[in-house]
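Structure below is entry-v8.txt: compact mmCIF, C-alpha atoms and all ligand atoms.
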```txt
# COMPACT_ATOMS: atom_id res chain seq x y z
CA MET A 1 100.16 87.81 74.70
CA SER A 2 99.60 90.94 76.74
CA THR A 3 96.33 91.51 74.84
CA VAL A 4 95.15 88.06 75.95
CA MET A 5 96.26 88.84 79.52
CA CYS A 6 94.35 92.13 79.43
CA GLY A 7 91.26 90.27 78.19
CA ALA A 8 91.63 87.82 81.09
CA MET A 9 92.06 90.69 83.56
CA SER A 10 88.86 92.29 82.35
CA ILE A 11 87.06 89.03 83.23
CA VAL A 12 88.64 89.25 86.71
CA LEU A 13 87.40 92.84 87.05
CA PHE A 14 83.87 91.91 85.92
CA SER A 15 83.68 88.99 88.32
CA ALA A 16 84.97 91.25 91.16
CA TRP A 17 82.26 93.75 90.21
CA ARG A 18 79.60 91.02 90.49
CA SER A 19 80.84 89.65 93.80
CA PHE A 20 82.30 92.65 95.72
CA PRO A 21 79.91 94.78 97.81
CA ALA A 22 78.25 97.68 95.98
CA GLU A 23 80.22 100.19 98.11
CA ILE A 24 83.27 99.34 96.02
CA GLY A 25 82.51 101.38 92.92
CA GLY A 26 84.39 101.61 89.65
CA LEU A 27 85.08 97.90 89.03
CA ARG A 28 82.60 97.70 86.15
CA GLU A 29 84.02 100.83 84.47
CA TRP A 30 87.57 99.53 84.82
CA GLY A 31 86.45 96.17 83.35
CA MET A 32 84.71 97.82 80.41
CA GLY A 33 87.61 100.22 79.90
CA LEU A 34 90.07 97.35 79.76
CA LEU A 35 87.88 95.44 77.28
CA LEU A 36 87.82 98.52 75.04
CA MET A 37 91.61 98.85 75.31
CA VAL A 38 91.89 95.22 74.15
CA ALA A 39 89.56 96.01 71.25
CA GLY A 40 91.67 99.08 70.43
CA THR A 41 94.83 96.96 70.30
CA VAL A 42 93.13 94.56 67.88
CA LEU A 43 92.11 97.50 65.69
CA LEU A 44 95.72 98.80 65.80
CA ALA A 45 96.83 95.51 64.26
CA LEU A 46 94.14 95.89 61.56
CA ARG A 47 95.47 99.33 60.67
CA GLY A 48 98.15 97.62 58.58
CA GLY A 49 100.64 98.95 56.01
CA THR A 50 102.50 102.22 55.94
CA VAL A 51 99.53 104.07 54.47
CA PRO A 52 96.95 104.16 57.28
CA ARG A 53 93.43 103.16 56.45
CA PRO A 54 91.17 105.87 57.92
CA LEU A 55 88.38 103.70 59.30
CA PRO A 56 90.51 101.35 61.44
CA VAL A 57 92.66 104.31 62.62
CA LEU A 58 89.64 106.37 63.61
CA SER A 59 87.87 103.49 65.32
CA MET A 60 91.08 102.41 67.11
CA ASN A 61 91.57 105.90 68.55
CA ALA A 62 87.87 106.24 69.41
CA VAL A 63 87.77 102.91 71.23
CA LEU A 64 91.11 103.40 73.02
CA LEU A 65 90.24 106.92 74.18
CA TRP A 66 86.84 105.74 75.40
CA GLY A 67 88.37 102.79 77.25
CA ILE A 68 91.08 104.88 78.93
CA GLY A 69 88.47 107.53 79.83
CA LEU A 70 86.36 104.82 81.48
CA SER A 71 89.28 104.02 83.78
CA LEU A 72 89.07 107.65 85.01
CA ILE A 73 85.33 107.29 85.62
CA GLY A 74 86.06 104.01 87.45
CA THR A 75 88.68 105.62 89.68
CA GLU A 76 86.32 108.50 90.49
CA LYS A 77 83.52 106.09 91.38
CA PHE A 78 85.93 104.06 93.48
CA TYR A 79 86.71 107.12 95.59
CA GLY A 80 83.00 107.95 95.87
CA LEU A 81 83.28 111.06 93.66
CA ARG A 82 80.83 112.23 91.06
CA PRO A 83 82.08 110.93 87.67
CA SER A 84 83.37 113.76 85.48
CA TRP A 85 81.41 112.75 82.38
CA ARG A 86 81.81 116.25 80.91
CA LEU A 87 85.60 116.04 80.99
CA PHE A 88 85.35 112.47 79.64
CA HIS A 89 83.11 113.45 76.72
CA GLY A 90 85.04 116.68 76.14
CA ILE A 91 88.36 114.85 75.86
CA TRP A 92 86.83 112.23 73.60
CA LEU A 93 85.18 114.74 71.25
CA VAL A 94 88.21 117.05 71.05
CA GLY A 95 90.45 114.02 70.55
CA MET A 96 88.36 112.53 67.77
CA ALA A 97 87.94 115.87 65.99
CA ALA A 98 91.69 116.49 66.12
CA ILE A 99 92.56 112.98 64.98
CA ALA A 100 90.06 113.16 62.10
CA TRP A 101 91.50 116.55 61.06
CA TRP A 102 95.14 115.38 61.07
CA LEU A 103 94.20 112.11 59.42
CA LEU A 104 91.74 113.12 56.71
CA VAL A 105 92.09 116.87 56.09
CA TRP A 106 95.72 117.61 56.85
CA PRO A 107 97.45 114.26 57.31
CA ASP A 108 100.16 114.66 59.94
CA PHE A 109 101.05 111.55 61.92
CA PRO A 110 103.36 113.13 64.57
CA VAL A 111 100.77 115.79 65.48
CA ARG A 112 98.10 113.11 65.69
CA VAL A 113 100.23 111.07 68.07
CA ALA A 114 101.09 114.17 70.11
CA VAL A 115 97.41 115.15 70.46
CA PHE A 116 96.30 111.62 71.35
CA SER A 117 99.12 111.18 73.87
CA THR A 118 98.43 114.56 75.48
CA LEU A 119 94.74 113.77 75.96
CA VAL A 120 95.42 110.28 77.31
CA SER A 121 98.09 111.69 79.56
CA VAL A 122 95.56 114.23 80.95
CA ILE A 123 93.30 111.30 81.88
CA TYR A 124 96.15 109.53 83.68
CA TRP A 125 97.43 112.70 85.42
CA ARG A 126 93.95 113.38 86.74
CA GLN A 127 93.87 109.90 88.20
CA VAL A 128 97.30 110.42 89.82
CA TRP A 129 95.86 113.54 91.46
CA LEU A 130 92.70 111.72 92.57
CA ILE A 131 94.70 108.89 94.13
CA ALA A 132 97.02 111.34 95.93
CA ARG A 133 94.07 113.37 97.21
CA HIS A 134 91.55 110.69 98.11
CA GLY A 135 93.51 107.46 98.53
CA GLU A 136 94.00 105.96 101.98
CA ARG A 137 97.57 106.23 103.24
CA GLN A 138 98.35 102.57 102.69
CA PHE A 139 100.73 100.53 100.57
CA PRO A 140 98.11 99.48 97.95
CA THR A 141 97.30 103.15 97.29
CA LEU A 142 100.99 104.00 96.97
CA LEU A 143 101.45 101.16 94.48
CA PHE A 144 98.40 102.17 92.46
CA GLY A 145 99.47 105.84 92.47
CA MET A 146 103.04 105.07 91.42
CA LEU A 147 101.83 102.84 88.57
CA MET A 148 99.43 105.52 87.39
CA LEU A 149 102.22 108.10 87.52
CA ALA A 150 104.52 105.82 85.52
CA GLN A 151 101.81 105.28 82.92
CA ALA A 152 101.18 109.05 82.66
CA LEU A 153 104.92 109.61 82.11
CA VAL A 154 105.22 106.85 79.48
CA VAL A 155 102.32 108.27 77.47
CA ALA A 156 103.56 111.87 77.80
CA THR A 157 107.02 110.78 76.62
CA ARG A 158 105.52 109.35 73.44
CA GLY A 159 103.72 112.65 72.78
CA VAL A 160 106.92 114.66 73.25
CA LEU A 161 108.92 112.24 71.07
CA ALA A 162 106.30 112.47 68.32
CA LEU A 163 106.71 116.24 68.17
CA PHE A 164 110.49 116.45 68.49
CA ALA A 165 111.82 113.19 67.02
CA GLY A 166 109.38 112.75 64.15
CA GLY A 167 106.58 110.33 63.35
CA THR A 168 108.72 107.35 62.34
CA SER A 169 110.15 107.11 65.85
CA VAL A 170 106.71 106.69 67.43
CA ASP A 171 104.90 104.69 64.73
CA LEU A 172 104.04 101.55 66.65
CA LEU A 173 103.68 99.47 63.50
CA ARG A 174 107.29 100.11 62.37
CA PRO A 175 110.02 97.95 63.83
CA GLY A 176 112.36 99.93 66.08
CA THR A 177 113.74 100.15 69.58
CA PHE A 178 111.32 102.82 70.81
CA GLN A 179 108.36 100.96 69.32
CA ASN A 180 109.36 97.68 71.00
CA VAL A 181 110.05 99.33 74.34
CA TYR A 182 106.89 101.45 74.20
CA LEU A 183 104.62 98.52 73.26
CA ALA A 184 106.16 96.32 75.95
CA ILE A 185 106.01 99.00 78.64
CA SER A 186 102.56 100.32 77.82
CA SER A 187 100.84 96.93 77.66
CA PHE A 188 102.72 95.82 80.78
CA MET A 189 101.72 99.07 82.49
CA VAL A 190 98.05 98.60 81.62
CA LEU A 191 98.21 95.16 83.21
CA MET A 192 100.06 96.51 86.23
CA LEU A 193 97.54 99.34 86.56
CA VAL A 194 94.71 96.82 86.71
CA VAL A 195 96.64 94.87 89.33
CA GLY A 196 97.14 98.15 91.25
CA PHE A 197 93.44 98.95 91.05
CA LEU A 198 92.47 95.43 92.15
CA THR A 199 94.89 95.74 95.07
CA VAL A 200 93.23 98.90 96.39
CA ALA A 201 89.79 97.38 95.74
CA THR A 202 90.73 94.25 97.69
CA ARG A 203 92.08 96.36 100.56
CA ARG A 204 88.77 98.25 100.57
CA LEU A 205 86.91 94.92 100.61
CA GLN A 206 88.95 93.81 103.61
CA THR A 207 88.13 97.03 105.48
CA ILE A 208 84.41 96.71 104.66
CA LEU A 209 84.29 93.08 105.79
CA GLU A 210 86.16 93.91 109.00
CA LEU A 211 83.72 96.72 109.68
CA ARG A 212 80.72 94.54 108.90
CA SER A 213 81.85 91.83 111.27
CA THR A 214 82.35 94.25 114.17
CA ARG A 215 79.59 96.84 113.59
CA ASP A 216 75.85 96.85 114.07
CA PRO A 217 74.38 97.41 110.57
CA LEU A 218 71.51 99.62 111.79
CA THR A 219 73.29 102.07 114.08
CA GLN A 220 76.91 101.60 112.92
CA VAL A 221 78.11 101.35 116.52
CA LEU A 222 80.05 98.26 117.62
CA ASN A 223 78.28 94.91 117.80
CA ARG A 224 78.88 92.31 120.50
CA ARG A 225 81.95 90.93 118.72
CA GLY A 226 83.51 94.35 118.10
CA PHE A 227 82.82 95.28 121.71
CA ALA A 228 84.51 92.10 122.97
CA ASP A 229 87.66 93.02 120.94
CA VAL A 230 87.68 96.56 122.32
CA TYR A 231 87.09 95.31 125.87
CA ALA A 232 89.99 92.84 125.55
CA ARG A 233 92.32 95.70 124.53
CA GLU A 234 91.16 97.97 127.34
CA ARG A 235 91.45 95.18 129.88
CA ALA A 236 95.04 94.52 128.80
CA LEU A 237 95.81 98.23 129.22
CA MET A 238 94.10 98.26 132.58
CA GLN A 239 96.24 95.35 133.72
CA ARG A 240 99.40 97.19 132.68
CA GLU A 241 98.51 100.61 133.99
CA ARG A 242 96.40 99.58 137.00
CA ARG A 243 93.39 101.72 136.05
CA ALA A 244 89.67 101.23 136.61
CA ILE A 245 87.18 100.73 133.78
CA SER A 246 83.42 101.11 133.93
CA LEU A 247 80.62 99.58 131.94
CA ILE A 248 77.14 101.01 131.46
CA SER A 249 74.29 98.75 130.37
CA ILE A 250 71.37 100.68 128.84
CA ASP A 251 67.93 99.30 127.95
CA LEU A 252 65.22 101.53 126.48
CA ASP A 253 61.95 101.47 128.39
CA HIS A 254 58.78 100.14 126.78
CA PHE A 255 60.38 100.16 123.37
CA LYS A 256 57.80 97.67 122.15
CA SER A 257 55.10 100.34 122.60
CA ILE A 258 57.13 102.76 120.39
CA ASN A 259 57.20 100.09 117.68
CA ASP A 260 53.52 99.33 118.12
CA ARG A 261 52.47 102.97 118.10
CA TYR A 262 54.77 104.51 115.44
CA GLY A 263 55.81 101.48 113.40
CA HIS A 264 59.02 99.48 113.13
CA ALA A 265 60.70 102.00 110.80
CA THR A 266 60.29 104.79 113.37
CA GLY A 267 61.53 102.35 116.02
CA ASP A 268 64.65 101.86 113.91
CA ARG A 269 65.16 105.64 113.63
CA VAL A 270 64.83 105.93 117.41
CA LEU A 271 67.56 103.30 117.82
CA VAL A 272 69.84 105.19 115.41
CA HIS A 273 69.14 108.41 117.30
CA VAL A 274 69.86 106.77 120.66
CA ALA A 275 73.21 105.48 119.35
CA GLU A 276 74.09 109.00 118.14
CA VAL A 277 73.04 110.60 121.42
CA ILE A 278 75.11 108.17 123.46
CA GLY A 279 78.09 108.73 121.14
CA LYS A 280 77.88 112.51 121.64
CA VAL A 281 77.91 112.20 125.42
CA LEU A 282 81.09 110.07 125.40
CA ARG A 283 84.78 110.95 125.10
CA ALA A 284 86.69 109.85 122.00
CA SER A 285 88.34 107.10 124.04
CA ASP A 286 84.99 105.60 125.19
CA HIS A 287 83.14 102.91 123.23
CA VAL A 288 79.49 102.21 122.56
CA ALA A 289 77.90 99.01 121.27
CA ARG A 290 74.45 97.71 120.49
CA PHE A 291 73.90 94.21 121.78
CA GLY A 292 70.74 93.66 119.71
CA GLY A 293 67.17 94.85 120.28
CA GLU A 294 67.06 98.04 122.33
CA GLU A 295 70.06 97.25 124.52
CA PHE A 296 73.22 99.38 124.37
CA VAL A 297 76.45 98.96 126.27
CA VAL A 298 79.09 101.63 126.93
CA LEU A 299 82.68 101.00 127.96
CA LEU A 300 84.49 103.81 129.77
CA PRO A 301 88.24 103.18 130.06
CA ASP A 302 90.15 104.82 132.89
CA THR A 303 86.88 105.71 134.62
CA GLY A 304 85.63 105.11 138.14
CA MET A 305 82.08 104.75 139.40
CA GLU A 306 81.48 108.47 140.00
CA ARG A 307 82.15 109.59 136.45
CA ALA A 308 80.38 106.52 135.03
CA CYS A 309 77.22 107.50 136.95
CA SER A 310 77.38 111.08 135.69
CA VAL A 311 77.76 109.82 132.09
CA ALA A 312 74.70 107.60 132.65
CA GLU A 313 72.73 110.58 133.98
CA ARG A 314 73.74 112.70 130.99
CA ILE A 315 72.56 109.94 128.62
CA GLN A 316 69.20 109.82 130.39
CA ASP A 317 68.88 113.61 130.20
CA VAL A 318 69.55 113.87 126.46
CA LEU A 319 67.19 110.98 125.70
CA ARG A 320 64.37 112.76 127.52
CA GLU A 321 64.88 116.02 125.59
CA PRO A 322 61.94 116.81 123.24
CA ARG A 323 62.78 116.33 119.57
CA GLN A 324 62.13 118.56 116.58
CA ASP A 325 62.06 115.83 113.94
CA GLY A 326 58.91 114.07 115.15
CA LEU A 327 60.75 111.15 116.73
CA PRO A 328 59.24 110.14 120.08
CA ALA A 329 61.38 110.83 123.16
CA CYS A 330 62.18 107.78 125.22
CA THR A 331 63.59 106.87 128.60
CA ALA A 332 66.17 104.27 129.54
CA SER A 333 66.94 102.07 132.50
CA ILE A 334 70.63 101.86 133.23
CA GLY A 335 72.95 99.58 135.18
CA VAL A 336 76.50 100.75 135.98
CA ALA A 337 79.39 98.49 137.01
CA CYS A 338 82.98 99.43 137.76
CA GLN A 339 85.86 97.01 137.31
CA LEU A 340 88.91 97.44 139.50
CA SER A 341 90.73 94.22 138.74
CA ALA A 342 91.86 92.63 135.49
CA GLU A 343 90.96 89.26 137.04
CA GLU A 344 87.34 89.91 136.14
CA ASP A 345 86.38 89.29 132.51
CA LEU A 346 83.75 90.67 130.14
CA ASP A 347 81.13 88.12 131.18
CA GLY A 348 81.69 89.04 134.82
CA ILE A 349 81.32 92.80 134.49
CA LEU A 350 78.41 92.41 132.03
CA LEU A 351 76.62 90.14 134.46
CA ARG A 352 76.99 92.72 137.22
CA ALA A 353 75.89 95.63 135.02
CA ASP A 354 72.90 93.64 133.72
CA GLY A 355 71.97 92.71 137.30
CA ALA A 356 71.89 96.42 138.17
CA LEU A 357 69.91 97.13 134.99
CA TYR A 358 67.24 94.54 135.82
CA ARG A 359 66.99 96.09 139.26
CA ALA A 360 66.43 99.49 137.62
CA LYS A 361 63.63 97.95 135.51
CA ALA A 362 62.09 96.24 138.50
CA LEU A 363 62.19 99.45 140.54
CA GLY A 364 60.08 101.33 138.00
CA ARG A 365 62.37 102.03 134.97
CA ASP A 366 63.94 105.35 133.89
CA ARG A 367 66.54 105.11 136.67
CA ILE A 368 70.16 104.24 137.28
CA GLU A 369 71.28 101.41 139.53
CA VAL A 370 74.86 100.68 140.55
CA ALA A 371 76.27 97.16 140.62
CA GLU A 372 77.97 95.71 143.70
CA PRO A 373 81.76 95.45 143.35
CA ALA A 374 83.00 92.13 141.98
CA SER A 375 83.60 89.52 144.65
CA LEU A 376 87.24 88.67 143.90
CA PRO A 377 90.09 87.59 146.13
CA PRO A 378 91.49 90.71 147.91
CA ARG A 379 94.89 90.41 146.17
CA ALA A 380 93.14 90.92 142.82
CA ALA A 381 91.77 94.37 143.64
CA LEU A 382 93.78 97.45 142.81
CA GLY A 383 95.41 99.14 145.72
N1 LIG B 401 62.38 98.84 115.46
C1 LIG B 401 63.10 97.85 115.98
N2 LIG B 401 62.62 97.15 117.00
C2 LIG B 401 63.35 96.16 117.54
C3 LIG B 401 64.61 95.82 117.03
N3 LIG B 401 65.09 94.78 117.77
C4 LIG B 401 64.16 94.50 118.70
N4 LIG B 401 63.11 95.33 118.58
C5 LIG B 401 61.88 95.38 119.36
O1 LIG B 401 62.19 95.80 120.68
C6 LIG B 401 61.11 95.40 121.51
C7 LIG B 401 61.66 94.91 122.82
O2 LIG B 401 60.57 94.61 123.60
P1 LIG B 401 60.70 94.14 125.12
O3 LIG B 401 61.83 93.17 125.23
O4 LIG B 401 59.36 93.68 125.57
O5 LIG B 401 61.16 95.42 125.89
P2 LIG B 401 60.43 96.80 126.12
O6 LIG B 401 59.16 96.93 125.37
O7 LIG B 401 61.45 97.86 125.87
O8 LIG B 401 60.07 96.74 127.64
P3 LIG B 401 61.06 96.92 128.85
O9 LIG B 401 62.46 96.65 128.38
O10 LIG B 401 60.61 95.92 129.85
O11 LIG B 401 60.91 98.31 129.31
C8 LIG B 401 60.36 94.30 120.75
O12 LIG B 401 59.11 94.81 120.33
C9 LIG B 401 61.24 94.03 119.53
O13 LIG B 401 60.46 93.71 118.39
C10 LIG B 401 65.09 96.55 115.91
O14 LIG B 401 66.18 96.34 115.39
N5 LIG B 401 64.32 97.56 115.42
```
Translate the structure of the given file into structure tokens.
Amino acid sequence: MSTVMCGAMSIVLFSAWRSFPAEIGGLREWGMGLLLMVAGTVLLALRGGTVPRPLPVLSMNAVLLWGIGLSLIGTEKFYGLRPSWRLFHGIWLVGMAAIAWWLLVWPDFPVRVAVFSTLVSVIYWRQVWLIARHGERQFPTLLFGMLMLAQALVVATRGVLALFAGGTSVDLLRPGTFQNVYLAISSFMVLMLVVGFLTVATRRLQTILELRSTRDPLTQVLNRRGFADVYARERALMQRERRAISLISIDLDHFKSINDRYGHATGDRVLVHVAEVIGKVLRASDHVARFGGEEFVVLLPDTGMERACSVAERIQDVLREPRQDGLPACTASIGVACQLSAEEDLDGILLRADGALYRAKALGRDRIEVAEPASLPPRAALG
């Protein structure tokens, strides 16, 4: 039954691999690893009898070790690490040589089990370490890590038992309490491990989709939607703590001529550079967004007009600086608006900042214009 379930789970992993974004690595390796573990279980059944037939035993161990090793490669790819193929191949070769020796040359079942369990356990322990070191501090990671740890312990226990309690106690084809418990736990654990891995992969998917829906794909700064969320949070804080916030609207000058002269790809690099430059000028609590084209917007919480204007000047200065990497320097026209009342909303402050920006364009570009204060009822303004 559990073999069938594992087969079904490998289909789930393969379909996740086909449909999840490419940033989520390791799904294919986990799917292939699980398929090989299913094949290994089938070969275990073919082993038959009390006298082991060498070919099924060798192929079962080869396939199982390969499949379990692939789960390690999958976990490494998932965490964006370089797959340790050397360790993988090393474990597989050492394991197969040792199994062949204690099967064909010097038949010794307990030692064979101990060697196999030790090698498999190394693969699982390494994954426990990887999860602890690279996993996000979230519940799915904790679950995945705990399951991996449990699996490492179960396998290690079988190795120790093989050495100290004799081969009969760990022969999975003989009826016995340990055999029943081990088979039940290990196949259940493999299933649970896949569930654990799918849980962290799904959490990663959620994070990626959230980021994609709130970030500009070219510059990785916020997009209009992400900016609206951030603004709503800052406005709520402003209401509570009676602070000012400022908004800077930035539009690059004659950007079309940069595209025309250097090509669209260079234009894209300029946009990425501008986003980086703006980000460096800001405090960690400030926010920058790209509203499409060559228009950027900056939100400065707890900031009045004076500081907002000096941030705008700093942005202009760094944009003008000559560049070493061949990218053309550019200038920007900027409109600055300061919000003193939570009665005004995003559309209101944007409208004022854009009004100032258009004035800056009309007055010759490469300059900063300040928006008039919002015309709100006097009771709305901060004292
Ligand atoms: N490379 C690149 N260009 C873009 C992107 N989005 C918009 N553009 C270009 O940005 C240019 C904007 O041109 P305009 O609106 O005329 O503005 P401008 O040339 O900067 O002139 P002013 O704003 O009046 O100073 C157009 O050529 C668009 O094709 C983008 O993502 N990448």
Report the closest atom pair, with its distance in Å rounded to one decimal, for each residue of chain A that has an atom no farther than 8 Å from ligand LIG 401 (chain B); count only C-alpha atoms and all ligand atoms, sort by chain and then rising residue number, and write it as a tab-separated table.
```
residue	atom	partner	partner_atom	distance
A:Leu218	CA	B:LIG401	O14	7.2
A:Asp251	CA	B:LIG401	O9	6.1
A:Leu252	CA	B:LIG401	O7	5.3
A:Asp253	CA	B:LIG401	O11	3.5
A:His254	CA	B:LIG401	O6	3.5
A:Phe255	CA	B:LIG401	O7	3.6
A:Lys256	CA	B:LIG401	O6	3.6
A:Ser257	CA	B:LIG401	O6	6.0
A:Ile258	CA	B:LIG401	O6	7.9
A:Asn259	CA	B:LIG401	N1	5.8
A:Asp260	CA	B:LIG401	O12	7.5
A:Gly263	CA	B:LIG401	N1	7.4
A:His264	CA	B:LIG401	N1	4.1
A:Ala265	CA	B:LIG401	N1	5.9
A:Thr266	CA	B:LIG401	N1	6.6
A:Gly267	CA	B:LIG401	N1	3.7
A:Asp268	CA	B:LIG401	N1	4.1
A:Arg269	CA	B:LIG401	N1	7.6
A:Val270	CA	B:LIG401	N1	7.8
A:Leu271	CA	B:LIG401	N5	7.0
A:Gly292	CA	B:LIG401	N3	6.1
A:Gly293	CA	B:LIG401	N3	3.3
A:Glu294	CA	B:LIG401	O1	5.6
A:Ala332	CA	B:LIG401	O11	8.0
A:Ser333	CA	B:LIG401	O11	7.8
A:Lys361	CA	B:LIG401	O10	6.7
A:Arg365	CA	B:LIG401	O11	6.9
```
**Prompt:** What is the distance, in Å and to one decimal place, between atom CA of Ala244 of chain A and atom CA of Leu340 of chain A?
**Reply:** 4.8 Å
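Each of A:Leu65, A:Met96, A:Ala152, A:Ser187 was checked against Val4 of chain A using only C-alpha atoms; the smallest atom-to-atom distance is that of A:Ser187.
If you look at atom CA of Trp85 of chain A and atom CA of Met32 of chain A, they are 15.4 Å away from each other.
The interatomic distance for the pair atom CA of Arg126 of chain A and atom CA of Met9 of chain A works out to 23.0 Å.
Every protein, DNA or RNA residue with an atom at most 12 Å from Glu241 of chain A, where all atoms listed in the file count and chain neighbours fewer than 3 positions away do not, is listed here: Glu234, Arg235, Ala236, Leu237, Met238, Ala244, Ile245, Pro301, Asp302, Leu340, Ser341, Ala342 and Leu382 of chain A.
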**Item:** Among listed residues A:Arg203, A:Gln316, A:Asp345, A:Val154, nearest Arg233 of chain A (using only C-alpha atoms)
**Value:** A:Asp345
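Among the candidates A:Val195, A:Val111, A:Ala100, A:Ala337, the residue lying nearest to Ala165 of chain A is A:Val111 (atoms considered: all atoms listed in the file).
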**Message:** Excluding segment 135-145 of chain A and its own-chain neighbours fewer than 2 positions away, which residues fall within 10 Å of it when counting all atoms listed in the file? Please give them as a VMD selection string.
**Reply:** chain A and resid 78 to 79 127 to 133 147 to 151 192 to 204
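Using all atoms listed in the file for every distance, the candidate list A:Val160, A:Met146, A:Trp125, A:Pro54 yields A:Pro54 as the residue closest to Leu103 of chain A.
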**Item:** From A:Val297, A:Leu163, A:Val155, A:Val181, residue lying nearest Val221 of chain A [only C-alpha atoms]
**Value:** A:Val297
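Selecting by distance to (60.3, 112.1, 126.0) with a limit of 12 Å and using all atoms listed in the file, one obtains Leu252, Asp253, Ile258, Val270, Gln316, Asp317, Val318, Leu319, Arg320, Glu321, Pro322, Arg323, Gln324, Gly326, Leu327, Pro328, Ala329, Cys330, Thr331, Ala332 and Asp366 of chain A.
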For the residues selected in the previous step, produce a file with C-alpha atoms as an mmCIF file, in the coordinates of the input.
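File produced: again19.cif:
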```
data_model
loop_
_atom_site.group_PDB
_atom_site.id
_atom_site.type_symbol
_atom_site.label_atom_id
_atom_site.label_comp_id
_atom_site.auth_asym_id
_atom_site.auth_seq_id
_atom_site.Cartn_x
_atom_site.Cartn_y
_atom_site.Cartn_z
ATOM 1 C CA LEU A 252 65.220 101.530 126.480
ATOM 2 C CA ASP A 253 61.950 101.470 128.390
ATOM 3 C CA ILE A 258 57.130 102.760 120.390
ATOM 4 C CA VAL A 270 64.830 105.930 117.410
ATOM 5 C CA GLN A 316 69.200 109.820 130.390
ATOM 6 C CA ASP A 317 68.880 113.610 130.200
ATOM 7 C CA VAL A 318 69.550 113.870 126.460
ATOM 8 C CA LEU A 319 67.190 110.980 125.700
ATOM 9 C CA ARG A 320 64.370 112.760 127.520
ATOM 10 C CA GLU A 321 64.880 116.020 125.590
ATOM 11 C CA PRO A 322 61.940 116.810 123.240
ATOM 12 C CA ARG A 323 62.780 116.330 119.570
ATOM 13 C CA GLN A 324 62.130 118.560 116.580
ATOM 14 C CA GLY A 326 58.910 114.070 115.150
ATOM 15 C CA LEU A 327 60.750 111.150 116.730
ATOM 16 C CA PRO A 328 59.240 110.140 120.080
ATOM 17 C CA ALA A 329 61.380 110.830 123.160
ATOM 18 C CA CYS A 330 62.180 107.780 125.220
ATOM 19 C CA THR A 331 63.590 106.870 128.600
ATOM 20 C CA ALA A 332 66.170 104.270 129.540
ATOM 21 C CA ASP A 366 63.940 105.350 133.890
#
```
**Prompt:** Taking (94.3, 91.1, 83.1) in the file's coordinates as the center, which residues reach within 9 Å of it, counting all atoms listed in the file, put as a list in words?
**Reply:** Ser2, Thr3, Val4, Met5, Cys6, Gly7, Ala8, Met9, Ser10, Ile11, Val12, Leu13, Leu34, Val190, Leu191, Met192, Val194 and Val195 of chain A
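Counting all atoms listed in the file, the residue from A:Trp92, A:Phe227, A:Tyr262, A:Trp106 that sits nearest to Ile123 of chain A is A:Trp92.
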**Request:** Extract, using only C-alpha atoms, all DNA, RNA and protein residues at most 10 Å from Gly279 of chain A, discarding same-chain residues fewer than 4 positions from it, and format them as a PyMOL selection string.
**Result:** chain A and resi 221+273-275+283-284+286-289+298+315
Mind dumping the selected residues with C-alpha atoms as a compact mmCIF listing (two decimals), in the frame of the given file?
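Just written: out26.txt:
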```txt
# COMPACT_ATOMS: atom_id res chain seq x y z
CA VAL A 221 78.11 101.35 116.52
CA HIS A 273 69.14 108.41 117.30
CA VAL A 274 69.86 106.77 120.66
CA ALA A 275 73.21 105.48 119.35
CA ARG A 283 84.78 110.95 125.10
CA ALA A 284 86.69 109.85 122.00
CA ASP A 286 84.99 105.60 125.19
CA HIS A 287 83.14 102.91 123.23
CA VAL A 288 79.49 102.21 122.56
CA ALA A 289 77.90 99.01 121.27
CA VAL A 298 79.09 101.63 126.93
CA ILE A 315 72.56 109.94 128.62
```
**Request:** Name the residues in contact with segment 347-358 of chain A at a cut-off of 7 Å, using all atoms listed in the file, excluding same-chain residues fewer than 5 positions from it; report them as a ChimeraX atom specification.
**Result:** /A:247-249,333-337,339,369-371
Written-out segment 104-110 of chain A (N, CA and C atoms) as a PDB file, in the first residue's frame:
```pdb
ATOM      1  N   LEU A 104      29.011 -11.365  -1.985  1.00  0.00           N
ATOM      2  CA  LEU A 104      29.562 -12.378  -2.893  1.00  0.00           C
ATOM      3  C   LEU A 104      30.858 -13.000  -2.374  1.00  0.00           C
ATOM      4  N   VAL A 105      31.744 -12.163  -1.805  1.00  0.00           N
ATOM      5  CA  VAL A 105      33.064 -12.675  -1.415  1.00  0.00           C
ATOM      6  C   VAL A 105      33.038 -13.231   0.007  1.00  0.00           C
ATOM      7  N   TRP A 106      32.499 -12.485   0.897  1.00  0.00           N
ATOM      8  CA  TRP A 106      32.498 -12.840   2.320  1.00  0.00           C
ATOM      9  C   TRP A 106      31.088 -12.614   2.848  1.00  0.00           C
ATOM     10  N   PRO A 107      30.158 -13.490   2.515  1.00  0.00           N
ATOM     11  CA  PRO A 107      28.754 -13.212   2.845  1.00  0.00           C
ATOM     12  C   PRO A 107      28.557 -12.931   4.343  1.00  0.00           C
ATOM     13  N   ASP A 108      28.059 -11.760   4.634  1.00  0.00           N
ATOM     14  CA  ASP A 108      27.807 -11.372   6.032  1.00  0.00           C
ATOM     15  C   ASP A 108      26.644 -10.369   6.036  1.00  0.00           C
ATOM     16  N   PHE A 109      25.461 -10.884   6.305  1.00  0.00           N
ATOM     17  CA  PHE A 109      24.258 -10.039   6.207  1.00  0.00           C
ATOM     18  C   PHE A 109      24.270  -8.864   7.186  1.00  0.00           C
ATOM     19  N   PRO A 110      24.566  -9.088   8.496  1.00  0.00           N
ATOM     20  CA  PRO A 110      24.532  -7.954   9.437  1.00  0.00           C
ATOM     21  C   PRO A 110      25.474  -6.828   9.034  1.00  0.00           C
TER      22      PRO A 110
END
```
